[in-house]
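The file start.cif contains mmCIF, C-alpha atoms:
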data_structure
#
loop_
_atom_site.label_atom_id
_atom_site.label_comp_id
_atom_site.auth_asym_id
_atom_site.auth_seq_id
_atom_site.Cartn_x
_atom_site.Cartn_y
_atom_site.Cartn_z
CA MET A 647 4.89 14.64 22.34
CA ARG A 648 1.98 15.62 20.18
CA ARG A 649 2.87 12.89 17.73
CA ALA A 650 3.21 10.10 20.24
CA PRO A 651 -0.14 8.48 19.51
CA VAL A 652 0.74 8.44 15.86
CA VAL A 653 3.99 6.74 16.49
CA LEU A 654 2.21 4.14 18.53
CA ALA A 655 -0.30 3.64 15.77
CA ALA A 656 2.50 3.31 13.30
CA THR A 657 4.12 0.64 15.40
CA VAL A 658 0.95 -1.34 15.69
CA THR A 659 0.43 -0.94 11.99
CA GLY A 660 3.91 -2.11 11.51
CA LEU A 661 2.99 -5.50 12.74
CA VAL A 662 0.97 -5.87 9.67
CA LEU A 663 3.02 -5.95 6.58
CA VAL A 664 5.74 -8.17 7.76
CA LEU A 665 3.83 -10.36 10.03
CA GLY A 666 1.61 -11.10 7.18
CA TYR A 667 4.63 -12.53 5.52
CA ARG A 668 6.27 -14.21 8.39
CA THR A 669 7.33 -17.84 8.12
CA PRO A 670 4.42 -19.19 6.13
CA VAL A 671 4.75 -22.89 6.56
CA THR A 672 6.18 -22.87 10.01
CA THR A 673 3.62 -20.44 11.32
CA ALA A 674 0.83 -22.59 10.03
CA ALA A 675 2.34 -25.64 11.68
CA VAL A 676 2.82 -23.86 14.97
CA GLY A 677 -0.68 -22.49 14.94
CA THR A 678 -1.34 -19.67 17.35
CA THR A 679 1.93 -19.82 19.23
CA THR A 680 3.34 -16.39 19.93
CA SER A 681 6.92 -16.24 21.01
CA GLN A 682 6.82 -12.60 21.84
CA VAL A 683 9.75 -10.61 23.05
CA GLU A 684 9.08 -7.02 23.91
CA PRO A 685 11.13 -4.60 21.83
CA GLY A 686 13.89 -3.11 23.90
CA THR A 687 14.15 -5.84 26.50
CA GLY A 688 17.74 -6.51 25.61
CA THR A 689 17.88 -9.90 23.98
CA THR A 690 20.26 -8.95 21.23
CA ALA A 691 23.28 -10.62 22.82
CA SER A 692 21.79 -14.06 22.38
CA PRO A 693 24.26 -16.62 21.08
CA SER A 694 21.63 -17.80 18.58
CA GLU A 695 21.82 -14.55 16.60
CA GLN A 696 21.74 -15.09 12.86
CA THR A 697 21.97 -12.73 9.90
CA VAL A 698 20.68 -13.74 6.49
CA ALA A 699 20.07 -11.93 3.22
CA GLY A 700 16.75 -12.30 1.47
CA ASP A 701 16.18 -12.84 -2.23
CA VAL A 702 16.73 -10.00 -4.65
CA VAL A 703 13.23 -9.03 -5.76
CA GLN A 704 12.94 -7.18 -9.04
CA THR A 705 10.37 -4.46 -9.44
CA ARG A 706 9.70 -2.30 -12.45
CA TRP A 707 11.76 0.38 -10.76
CA GLY A 708 14.72 -1.64 -9.60
CA ALA A 709 15.88 -4.37 -7.25
CA VAL A 710 14.96 -4.75 -3.60
CA GLN A 711 16.91 -6.91 -1.16
CA VAL A 712 16.60 -7.11 2.60
CA GLN A 713 18.91 -8.52 5.24
CA VAL A 714 17.49 -9.77 8.52
CA THR A 715 19.14 -10.37 11.85
CA ALA A 716 17.21 -12.57 14.22
CA SER A 717 17.79 -13.94 17.64
CA GLY A 718 15.75 -16.57 19.40
CA GLY A 719 12.89 -16.29 16.91
CA THR A 720 12.71 -12.52 17.12
CA ILE A 721 13.76 -10.09 14.42
CA THR A 722 16.35 -7.80 15.93
CA ASP A 723 17.38 -5.85 12.85
CA VAL A 724 16.40 -5.36 9.24
CA THR A 725 18.57 -3.65 6.67
CA ALA A 726 17.84 -2.91 3.05
CA LEU A 727 20.82 -4.10 1.01
CA GLN A 728 19.26 -2.82 -2.20
CA LEU A 729 16.44 -0.44 -2.94
CA PRO A 730 15.54 1.12 -6.28
CA ALA A 731 17.94 3.99 -6.95
CA SER A 732 18.12 4.10 -10.72
CA ASP A 733 16.90 7.67 -10.86
CA PRO A 734 16.46 10.55 -8.42
CA ARG A 735 12.77 9.82 -8.02
CA SER A 736 13.50 6.23 -7.04
CA GLN A 737 16.11 7.35 -4.56
CA GLN A 738 13.60 9.68 -3.01
CA ILE A 739 11.00 6.93 -2.81
CA SER A 740 13.48 4.51 -1.32
CA GLN A 741 14.47 6.93 1.38
CA TYR A 742 10.85 7.60 2.11
CA VAL A 743 9.99 3.94 2.32
CA GLU A 744 12.91 2.31 4.04
CA GLN A 745 12.74 3.55 7.61
CA PRO A 746 9.03 2.87 8.09
CA LEU A 747 9.45 -0.61 6.65
CA ARG A 748 12.36 -1.30 8.92
CA GLU A 749 10.31 -0.19 11.89
CA GLN A 750 7.46 -2.36 10.76
CA ALA A 751 9.68 -5.39 10.54
CA LEU A 752 11.18 -4.78 13.94
CA ALA A 753 7.78 -4.27 15.47
CA ALA A 754 6.25 -7.31 13.89
CA GLN A 755 5.10 -9.81 16.49
CA SER A 756 1.38 -10.32 16.09
CA ALA A 757 -1.08 -9.37 13.43
CA GLN A 758 -4.76 -9.29 12.87
CA ILE A 759 -4.42 -7.83 9.41
CA ASP A 760 -3.63 -9.72 6.26
CA GLY A 761 -2.13 -6.99 4.16
CA ILE A 762 -2.18 -3.40 3.02
CA SER A 763 -4.17 -1.67 0.33
CA GLY A 764 -2.10 1.14 -1.00
CA ALA A 765 1.15 -0.71 -0.42
CA THR A 766 3.76 0.43 -2.85
CA PHE A 767 5.72 -1.62 -5.30
CA THR A 768 8.79 -1.08 -3.21
CA SER A 769 7.19 -2.06 0.07
CA VAL A 770 5.66 -5.22 -1.31
CA ALA A 771 9.01 -6.24 -2.78
CA TYR A 772 10.64 -5.43 0.54
CA ALA A 773 8.21 -7.71 2.29
CA GLN A 774 8.91 -10.47 -0.18
CA SER A 775 12.66 -10.27 0.22
CA LEU A 776 12.16 -10.19 3.97
CA GLN A 777 10.00 -13.28 3.72
CA SER A 778 12.69 -15.20 1.90
CA ALA A 779 15.18 -14.23 4.59
CA LEU A 780 12.78 -15.39 7.30
CA ASP A 781 12.29 -18.65 5.45
CA GLN A 782 16.03 -19.21 5.63
CA LEU A 783 16.01 -18.59 9.34
CA GLY A 784 13.35 -21.26 9.68
CA MET B 684 -2.92 -25.14 6.42
CA HIS B 685 -2.43 -21.46 5.62
CA LEU B 686 0.20 -20.76 2.99
CA LYS B 687 1.46 -17.28 2.13
CA HIS B 688 3.16 -16.50 -1.10
CA ALA B 689 4.42 -13.40 -2.89
CA GLU B 690 4.72 -13.55 -6.66
CA PRO B 691 6.60 -11.00 -8.77
CA VAL B 692 4.36 -10.40 -11.77
CA MET B 693 2.70 -7.54 -13.68
CA GLY B 694 5.49 -5.17 -12.75
CA THR B 695 4.79 -5.56 -9.06
CA VAL B 696 4.50 -8.23 -6.40
CA VAL B 697 1.19 -9.97 -5.78
CA SER B 698 0.67 -11.55 -2.40
CA ILE B 699 -1.43 -14.68 -2.21
CA ASP B 700 -2.82 -16.46 0.84
CA ALA B 701 -4.26 -19.93 0.43
CA VAL B 702 -6.05 -21.92 3.11
CA ALA B 703 -6.41 -25.60 2.25
CA ASP B 704 -6.68 -28.99 3.89
CA ASP B 705 -2.97 -29.72 3.58
CA GLU B 706 0.21 -28.12 2.37
CA GLY B 707 0.15 -29.85 -1.01
CA ALA B 708 -3.33 -28.55 -1.76
CA ALA B 709 -2.35 -25.05 -0.66
CA ARG B 710 0.72 -25.11 -2.89
CA ASP B 711 -1.30 -26.35 -5.86
CA ALA B 712 -3.82 -23.57 -5.33
CA VAL B 713 -1.11 -20.91 -5.14
CA ALA B 714 0.50 -22.28 -8.30
CA ALA B 715 -2.83 -22.10 -10.12
CA ALA B 716 -3.35 -18.51 -9.03
CA CYS B 717 0.17 -17.58 -10.15
CA ARG B 718 -0.44 -19.12 -13.57
CA VAL B 719 -3.51 -16.93 -14.01
CA LEU B 720 -1.53 -13.81 -13.08
CA HIS B 721 1.30 -14.59 -15.49
CA GLU B 722 -1.12 -15.39 -18.28
CA ALA B 723 -2.87 -12.08 -17.69
CA ASP B 724 0.47 -10.29 -17.83
CA GLU B 725 1.39 -12.02 -21.09
CA VAL B 726 -1.93 -11.09 -22.69
CA PHE B 727 -2.49 -7.58 -21.31
CA SER B 728 0.83 -5.97 -20.53
CA THR B 729 1.38 -2.76 -22.45
CA PHE B 730 4.98 -2.91 -21.25
CA ARG B 731 5.48 -6.03 -23.37
CA ALA B 732 5.60 -5.33 -27.09
CA ASP B 733 4.60 -8.93 -27.84
CA SER B 734 1.48 -9.07 -25.64
CA ALA B 735 -1.84 -9.61 -27.38
CA VAL B 736 -3.05 -6.20 -26.23
CA SER B 737 0.09 -4.45 -27.48
CA ARG B 738 -0.26 -6.12 -30.87
CA TRP B 739 -3.95 -5.26 -31.01
CA ARG B 740 -3.21 -1.64 -30.07
CA ARG B 741 -0.74 -1.45 -32.96
CA GLY B 742 -3.38 -2.85 -35.30
CA GLU B 743 -1.43 -6.01 -36.01
CA VAL B 744 -4.21 -8.36 -34.92
CA ARG B 745 -7.97 -8.09 -34.70
CA LEU B 746 -9.82 -8.38 -31.44
CA SER B 747 -11.25 -11.68 -32.62
CA ASP B 748 -7.70 -12.99 -33.01
CA CYS B 749 -6.86 -12.17 -29.38
CA PRO B 750 -7.53 -14.49 -26.43
CA SER B 751 -11.19 -14.20 -25.42
CA ASP B 752 -10.18 -12.55 -22.15
CA VAL B 753 -9.29 -9.39 -24.07
CA ALA B 754 -12.86 -8.90 -25.21
CA LEU B 755 -14.07 -9.65 -21.67
CA VAL B 756 -11.79 -7.01 -20.20
CA LEU B 757 -12.75 -4.45 -22.83
CA THR B 758 -16.39 -5.10 -21.96
CA ALA B 759 -15.50 -4.49 -18.31
CA CYS B 760 -13.84 -1.23 -19.41
CA ASP B 761 -17.05 -0.16 -21.16
CA ARG B 762 -19.07 -0.90 -18.06
CA ALA B 763 -16.60 0.99 -15.89
CA LYS B 764 -16.75 3.99 -18.21
CA GLU B 765 -20.51 4.02 -17.95
CA VAL B 766 -20.64 3.58 -14.18
CA SER B 767 -17.93 6.20 -13.59
CA GLY B 768 -19.56 8.79 -15.81
CA GLY B 769 -16.55 8.66 -18.12
CA TRP B 770 -13.95 9.27 -15.43
CA PHE B 771 -12.57 5.84 -16.14
CA ASP B 772 -12.16 5.76 -19.88
CA ALA B 773 -9.80 3.20 -21.35
CA SER B 774 -10.40 4.59 -24.83
CA ALA B 775 -9.48 8.19 -24.06
CA LEU B 776 -5.80 7.53 -23.50
CA PRO B 777 -2.96 8.55 -25.78
CA GLY B 778 -1.82 5.61 -27.87
CA GLY B 779 -5.26 4.06 -28.15
CA THR B 780 -7.47 1.97 -25.93
CA ASP B 781 -5.59 0.79 -22.87
CA PRO B 782 -7.31 -1.44 -20.29
CA THR B 783 -4.35 -1.30 -17.88
CA GLY B 784 -6.37 0.72 -15.35
CA LEU B 785 -8.46 -2.28 -14.39
CA VAL B 786 -6.41 -5.27 -15.53
CA LYS B 787 -4.66 -5.66 -12.20
CA GLY B 788 -7.96 -5.89 -10.33
CA TRP B 789 -9.44 -8.16 -12.97
CA ALA B 790 -6.41 -10.47 -12.84
CA ALA B 791 -6.43 -10.62 -9.03
CA SER B 792 -10.09 -11.52 -9.13
CA ARG B 793 -9.42 -14.29 -11.64
CA ALA B 794 -6.50 -15.54 -9.55
CA LEU B 795 -8.82 -15.82 -6.55
CA ASP B 796 -11.22 -17.89 -8.65
CA ALA B 797 -8.29 -20.12 -9.61
CA LEU B 798 -7.34 -20.58 -5.96
CA ALA B 799 -10.82 -21.83 -5.15
CA ALA B 800 -11.06 -24.00 -8.26
CA ALA B 801 -7.76 -25.65 -7.33
CA GLY B 802 -9.06 -26.63 -3.91
CA ALA B 803 -8.36 -23.74 -1.54
CA THR B 804 -11.10 -23.44 1.07
CA ALA B 805 -10.30 -19.74 1.61
CA GLY B 806 -7.97 -17.27 0.01
CA LEU B 807 -6.78 -13.74 -0.48
CA VAL B 808 -5.12 -12.22 -3.53
CA ASN B 809 -3.66 -8.75 -3.06
CA ALA B 810 -2.21 -7.25 -6.23
CA ALA B 811 -0.34 -4.31 -4.75
CA GLY B 812 -3.45 -2.93 -3.11
CA ASP B 813 -6.15 -4.42 -5.32
CA ALA B 814 -7.47 -7.29 -3.27
CA ALA B 815 -10.17 -9.93 -3.43
CA ALA B 816 -10.85 -12.60 -0.84
CA ALA B 817 -12.95 -15.67 -0.26
CA GLY B 818 -13.81 -17.40 3.00
CA ARG B 819 -11.93 -16.59 6.19
CA PRO B 820 -8.33 -17.07 7.31
CA ASN B 821 -9.69 -18.75 10.41
CA PRO B 822 -13.18 -19.15 11.86
CA GLU B 823 -12.73 -16.26 14.30
CA ARG B 824 -12.33 -13.43 11.83
CA PRO B 825 -12.60 -12.35 8.20
CA TRP B 826 -9.69 -11.38 5.99
CA ARG B 827 -8.77 -7.81 6.82
CA LEU B 828 -6.80 -5.26 4.89
CA ALA B 829 -5.47 -1.97 6.11
CA VAL B 830 -5.78 1.13 3.95
CA ARG B 831 -2.50 2.93 4.17
CA ASP B 832 -2.26 6.61 4.94
CA PRO B 833 -0.35 8.03 1.96
CA PHE B 834 0.99 10.89 4.06
CA THR B 835 2.63 8.92 6.82
CA THR B 836 3.77 5.68 5.14
CA THR B 837 3.15 3.63 8.25
CA GLY B 838 -0.14 5.12 9.36
CA LEU B 839 -3.47 3.51 8.59
CA LEU B 840 -6.69 5.15 7.58
CA ALA B 841 -8.97 2.18 8.01
CA VAL B 842 -9.08 -1.57 8.51
CA VAL B 843 -11.51 -3.18 6.10
CA PRO B 844 -12.94 -6.69 6.43
CA LEU B 845 -13.06 -8.36 3.04
CA GLU B 846 -16.16 -10.38 3.64
CA GLY B 847 -18.30 -10.29 0.51
CA ARG B 848 -16.36 -7.38 -0.89
CA ALA B 849 -13.16 -6.46 -2.64
CA LEU B 850 -10.95 -3.46 -2.01
CA ALA B 851 -8.91 -1.46 -4.52
CA THR B 852 -6.64 1.51 -3.97
CA SER B 853 -5.27 3.84 -6.61
CA GLY B 854 -2.99 6.69 -5.83
CA THR B 855 -0.51 9.18 -7.09
CA TYR B 856 1.83 8.94 -4.18
CA GLU B 857 4.53 6.47 -5.06
CA ARG B 858 5.07 7.09 -8.72
CA GLY B 859 3.52 10.47 -9.13
CA ALA B 860 0.69 11.11 -11.49
CA HIS B 861 0.31 7.86 -13.41
CA VAL B 862 -3.43 8.33 -13.77
CA LEU B 863 -4.50 10.43 -16.73
CA ASP B 864 -7.47 12.73 -16.94
CA PRO B 865 -9.65 11.29 -19.71
CA THR B 866 -10.96 14.76 -20.59
CA SER B 867 -7.52 16.17 -21.30
CA GLY B 868 -5.18 13.20 -21.74
CA ALA B 869 -2.81 14.88 -19.30
CA ALA B 870 -1.83 13.74 -15.82
CA ALA B 871 -4.79 13.91 -13.45
CA GLN B 872 -4.80 17.02 -11.30
CA ALA B 873 -7.93 16.46 -9.32
CA GLY B 874 -6.20 16.88 -5.98
CA VAL B 875 -6.60 13.25 -4.99
CA VAL B 876 -3.63 11.51 -3.42
CA SER B 877 -5.26 8.14 -2.98
CA ALA B 878 -8.67 6.59 -3.46
CA SER B 879 -9.77 3.27 -2.01
CA VAL B 880 -12.97 1.68 -3.27
CA ALA B 881 -14.79 -1.22 -1.63
CA GLY B 882 -17.41 -3.20 -3.48
CA PRO B 883 -18.52 -6.60 -4.68
CA ASP B 884 -16.44 -6.75 -7.88
CA LEU B 885 -12.72 -6.01 -7.77
CA THR B 886 -12.51 -5.15 -11.46
CA LEU B 887 -15.05 -2.36 -11.12
CA ALA B 888 -13.67 -1.28 -7.75
CA ASP B 889 -10.23 -0.91 -9.34
CA ALA B 890 -11.67 1.18 -12.18
CA LEU B 891 -13.66 3.38 -9.81
CA ALA B 892 -10.57 4.00 -7.68
CA THR B 893 -8.78 5.11 -10.83
CA ALA B 894 -11.79 7.28 -11.76
CA LEU B 895 -11.67 9.03 -8.39
CA VAL B 896 -7.99 9.84 -8.82
CA ALA B 897 -8.67 11.11 -12.34
CA GLY B 898 -11.81 13.08 -11.61
CA GLY B 899 -11.68 13.90 -7.93
CA GLU B 900 -14.87 15.45 -6.65
CA ARG B 901 -16.40 15.39 -10.11
CA ALA B 902 -16.25 11.58 -10.07
CA VAL B 903 -17.67 11.26 -6.56
CA PRO B 904 -21.37 11.38 -7.52
CA TYR B 905 -20.92 8.45 -9.89
CA VAL B 906 -19.25 6.30 -7.27
CA ALA B 907 -21.93 7.29 -4.78
CA ALA B 908 -24.56 6.11 -7.25
CA ALA B 909 -22.89 2.73 -7.90
CA ALA B 910 -24.89 0.22 -5.88
CA GLY B 911 -22.75 -1.67 -3.39
CA TYR B 912 -19.66 0.52 -3.83
CA SER B 913 -18.15 3.03 -1.44
CA ALA B 914 -14.90 4.92 -1.22
CA LEU B 915 -12.38 6.54 1.07
CA VAL B 916 -10.55 9.37 -0.68
CA VAL B 917 -7.49 11.24 0.54
CA LEU B 918 -7.11 14.74 -0.86
CA ALA B 919 -3.89 16.60 -1.40
CA ASP B 920 -4.77 18.93 1.47
CA ARG B 921 -4.96 15.78 3.65
CA ARG B 922 -8.70 15.87 4.06
CA LEU B 923 -10.54 12.54 3.98
CA VAL B 924 -13.70 12.20 1.95
CA THR B 925 -15.96 9.21 2.46
CA VAL B 926 -18.28 8.23 -0.36
CA GLY B 927 -21.18 6.01 0.65
CA ASP B 928 -20.88 3.60 3.52
CA PHE B 929 -17.17 2.76 3.46
CA PRO B 930 -16.77 -0.36 5.59
CA GLY B 931 -14.50 -1.17 8.49
CA GLU B 932 -12.91 0.66 11.35
CA ARG B 933 -11.34 4.06 10.90
CA TRP B 934 -7.88 4.29 12.28
CA PRO B 935 -8.22 7.00 14.87
CA THR B 936 -4.85 8.70 14.82
CA ARG B 937 -3.44 10.88 12.12
CA PRO B 938 -0.82 13.57 12.43
#
Could I get this file's structure written as structure tokens?
Amino acid sequence: MRRAPVVLAATVTGLVLVLGYRTPVTTAAVGTTTSQVEPGTGTTASPSEQTVAGDVVQTRWGAVQVQVTASGGTITDVTALQLPASDPRSQQISQYVEQPLREQALAAQSAQIDGISGATFTSVAYAQSLQSALDQLG
Amino acid sequence: MHLKHAEPVMGTVVSIDAVADDEGAARDAVAAACRVLHEADEVFSTFRADSAVSRWRRGEVRLSDCPSDVALVLTACDRAKEVSGGWFDASALPGGTDPTGLVKGWAASRALDALAAAGATAGLVNAAGDAAAAGRPNPERPWRLAVRDPFTTTGLLAVVPLEGRALATSGTYERGAHVLDPTSGAAAQAGVVSASVAGPDLTLADALATALVAGGERAVPYVAAAAGYSALVVLADRRLVTVGDFPGERWPTRP
């Protein structure tokens, strides 16, 4: 359990990237409303569950596309449909990047941070594709 | 009204936040900022054979025939070379003078100016880690950026308020050694994984971050001597080095 605090930190951090990108217009209209559902409280069986694919975002290294499943205003799953894989280095980067980003998206509920310095091409594109999927969910 | 936007440009994605009186004004401001970014890409990209900078590098056009921004950016490169003690040197690269090392920061800074000129009351432009901000997202707090821990992908090293300062990060961690050592022309091997520089001007901050990756500890004294600038450097052995009074909260947990 030595790493537990780190995991917690990572989860809190995770709020950042995606939340920063979450539902721009709607969020602004809603103001400070937080419809928070604790992760792991078992809301995935909601009849309002929706799955949408985000835009394909091109980076210098290849395309990024994210699919989001949401239920009752909460992201319940995020899957990368495409990540750069045009060469072994890209594949390695994509593997390295995907799981943390997925965790970030799933953890995203509230943020006091507006972005990341040191974000990678891939992660920024991931966030953008995710945003477009969230826009579709409304 | 707070509008968020992500624009694919300059080989990456630039995120833009605009705060304005209404949605129309916010959208206009974002559009103005995006125009600036695309114009910068068209003029400066060394990945585009037809950009003004590419043509100038090949000797096809004179500097005086290029858009005036090219001379401005080259002047910024000269200043950065001087301030960094030569560890940022746009003229020492193979293939001739290449301002790419600070163009992203320069363009983000210009895009922020465009946001404000178009009516945004506050804004943030983050060009894949090179960020400049104006105003506040809301009255309660400043814009804040997290500096990512290059070793953990989700961990943070610090949370930096962007009030009166910009923040730039250069690193070798996603695409390997893309920063060259100006003394050898080869990939930098200074043992720096990432360098974040905070300071008043994003263009210089971007160049100093690049200088730290290129020169490592040898570049540190120059950054320390640059008034108003500070840095957080991550070394390959995972040590953190702080240069000057790097702002914000340190993230307490690291593996």
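Here the question is which of B:Asn821, B:Ser747, B:Thr925, B:Ser737 gets nearest to chain A using all atoms listed in the file, and that residue is B:Asn821.
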Name the residues that the PyMOL selection byres ((chain B) within 8 of (chain A)) pulls out of this structure, and write them as number ranges by chain. B: 684-689, 691, 694-697, 809, 811-814, 826-831, 833, 836-839, 842, 850-854, 857, 877, 879, 936-938
I need the residue nearest B:Leu923 from this list: B:Asp705, B:Asp864, B:Asp832, B:Asp889. Use all atoms listed in the file for the distance. B:Asp832
Run through the PyMOL selection byres ((chain B and resi 815-819) around 7) on the given coordinates and return the selected residues as an NGL selection string. :B and (791-792 or 795 or 804-809 or 814 or 820-822 or 824-826 or 845 or 849-850 or 885)
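Taking atom CA of B:Arg745 and atom CA of B:Ala716 as the two end points, the separation is 28.1 Å.
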Determine the residue set returned by the PyMOL selection byres ((chain B and resi 773) around 12) for the present structure, and present it as a PyMOL selection string. chain B and resi 740+756-765+767+769-772+774-786+862-866+868+890+893-894
Å distance separating atom CA of B:Gly768 from atom CA of B:Leu895, one decimal place: 10.8 Å
Which residue is closest to B:Gly874? Choose from B:Val924, B:Leu720, B:Ala708, B:Leu755 and count only C-alpha atoms. B:Val924
At what distance in Å, to one decimal, does atom CA of A:Gln728 lie from atom CA of A:Val710? 4.9 Å
For the point (1.6, -20.7, -11.8) in the file's frame, write as an NGL selection string all residues with an atom no more than 12 Å away, counting only C-alpha atoms. :B and (688-692 or 699 or 710-723 or 794 or 797-798 or 801)
Write the residues of the selection above to a file with C-alpha atoms, as a PDB file, in the coordinates of the input.
ATOM      1  CA  HIS B 688       3.160 -16.500  -1.100  1.00  0.00           C
ATOM      2  CA  ALA B 689       4.420 -13.400  -2.890  1.00  0.00           C
ATOM      3  CA  GLU B 690       4.720 -13.550  -6.660  1.00  0.00           C
ATOM      4  CA  PRO B 691       6.600 -11.000  -8.770  1.00  0.00           C
ATOM      5  CA  VAL B 692       4.360 -10.400 -11.770  1.00  0.00           C
ATOM      6  CA  ILE B 699      -1.430 -14.680  -2.210  1.00  0.00           C
ATOM      7  CA  ARG B 710       0.720 -25.110  -2.890  1.00  0.00           C
ATOM      8  CA  ASP B 711      -1.300 -26.350  -5.860  1.00  0.00           C
ATOM      9  CA  ALA B 712      -3.820 -23.570  -5.330  1.00  0.00           C
ATOM     10  CA  VAL B 713      -1.110 -20.910  -5.140  1.00  0.00           C
ATOM     11  CA  ALA B 714       0.500 -22.280  -8.300  1.00  0.00           C
ATOM     12  CA  ALA B 715      -2.830 -22.100 -10.120  1.00  0.00           C
ATOM     13  CA  ALA B 716      -3.350 -18.510  -9.030  1.00  0.00           C
ATOM     14  CA  CYS B 717       0.170 -17.580 -10.150  1.00  0.00           C
ATOM     15  CA  ARG B 718      -0.440 -19.120 -13.570  1.00  0.00           C
ATOM     16  CA  VAL B 719      -3.510 -16.930 -14.010  1.00  0.00           C
ATOM     17  CA  LEU B 720      -1.530 -13.810 -13.080  1.00  0.00           C
ATOM     18  CA  HIS B 721       1.300 -14.590 -15.490  1.00  0.00           C
ATOM     19  CA  GLU B 722      -1.120 -15.390 -18.280  1.00  0.00           C
ATOM     20  CA  ALA B 723      -2.870 -12.080 -17.690  1.00  0.00           C
ATOM     21  CA  ALA B 794      -6.500 -15.540  -9.550  1.00  0.00           C
ATOM     22  CA  ALA B 797      -8.290 -20.120  -9.610  1.00  0.00           C
ATOM     23  CA  LEU B 798      -7.340 -20.580  -5.960  1.00  0.00           C
ATOM     24  CA  ALA B 801      -7.760 -25.650  -7.330  1.00  0.00           C
TER      25      ALA B 801
END
Choose the residue, out of A:Val724, A:Gly718, A:Glu695, A:Gly708, that has the smallest atom-to-atom separation from A:Ala779; count only C-alpha atoms. A:Val724
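With only C-alpha atoms as the atoms that count, the minimum distance from A:Gln696 to the choices A:Ala709, A:Leu729, A:Ala716, A:Leu776 is reached by A:Ala716.
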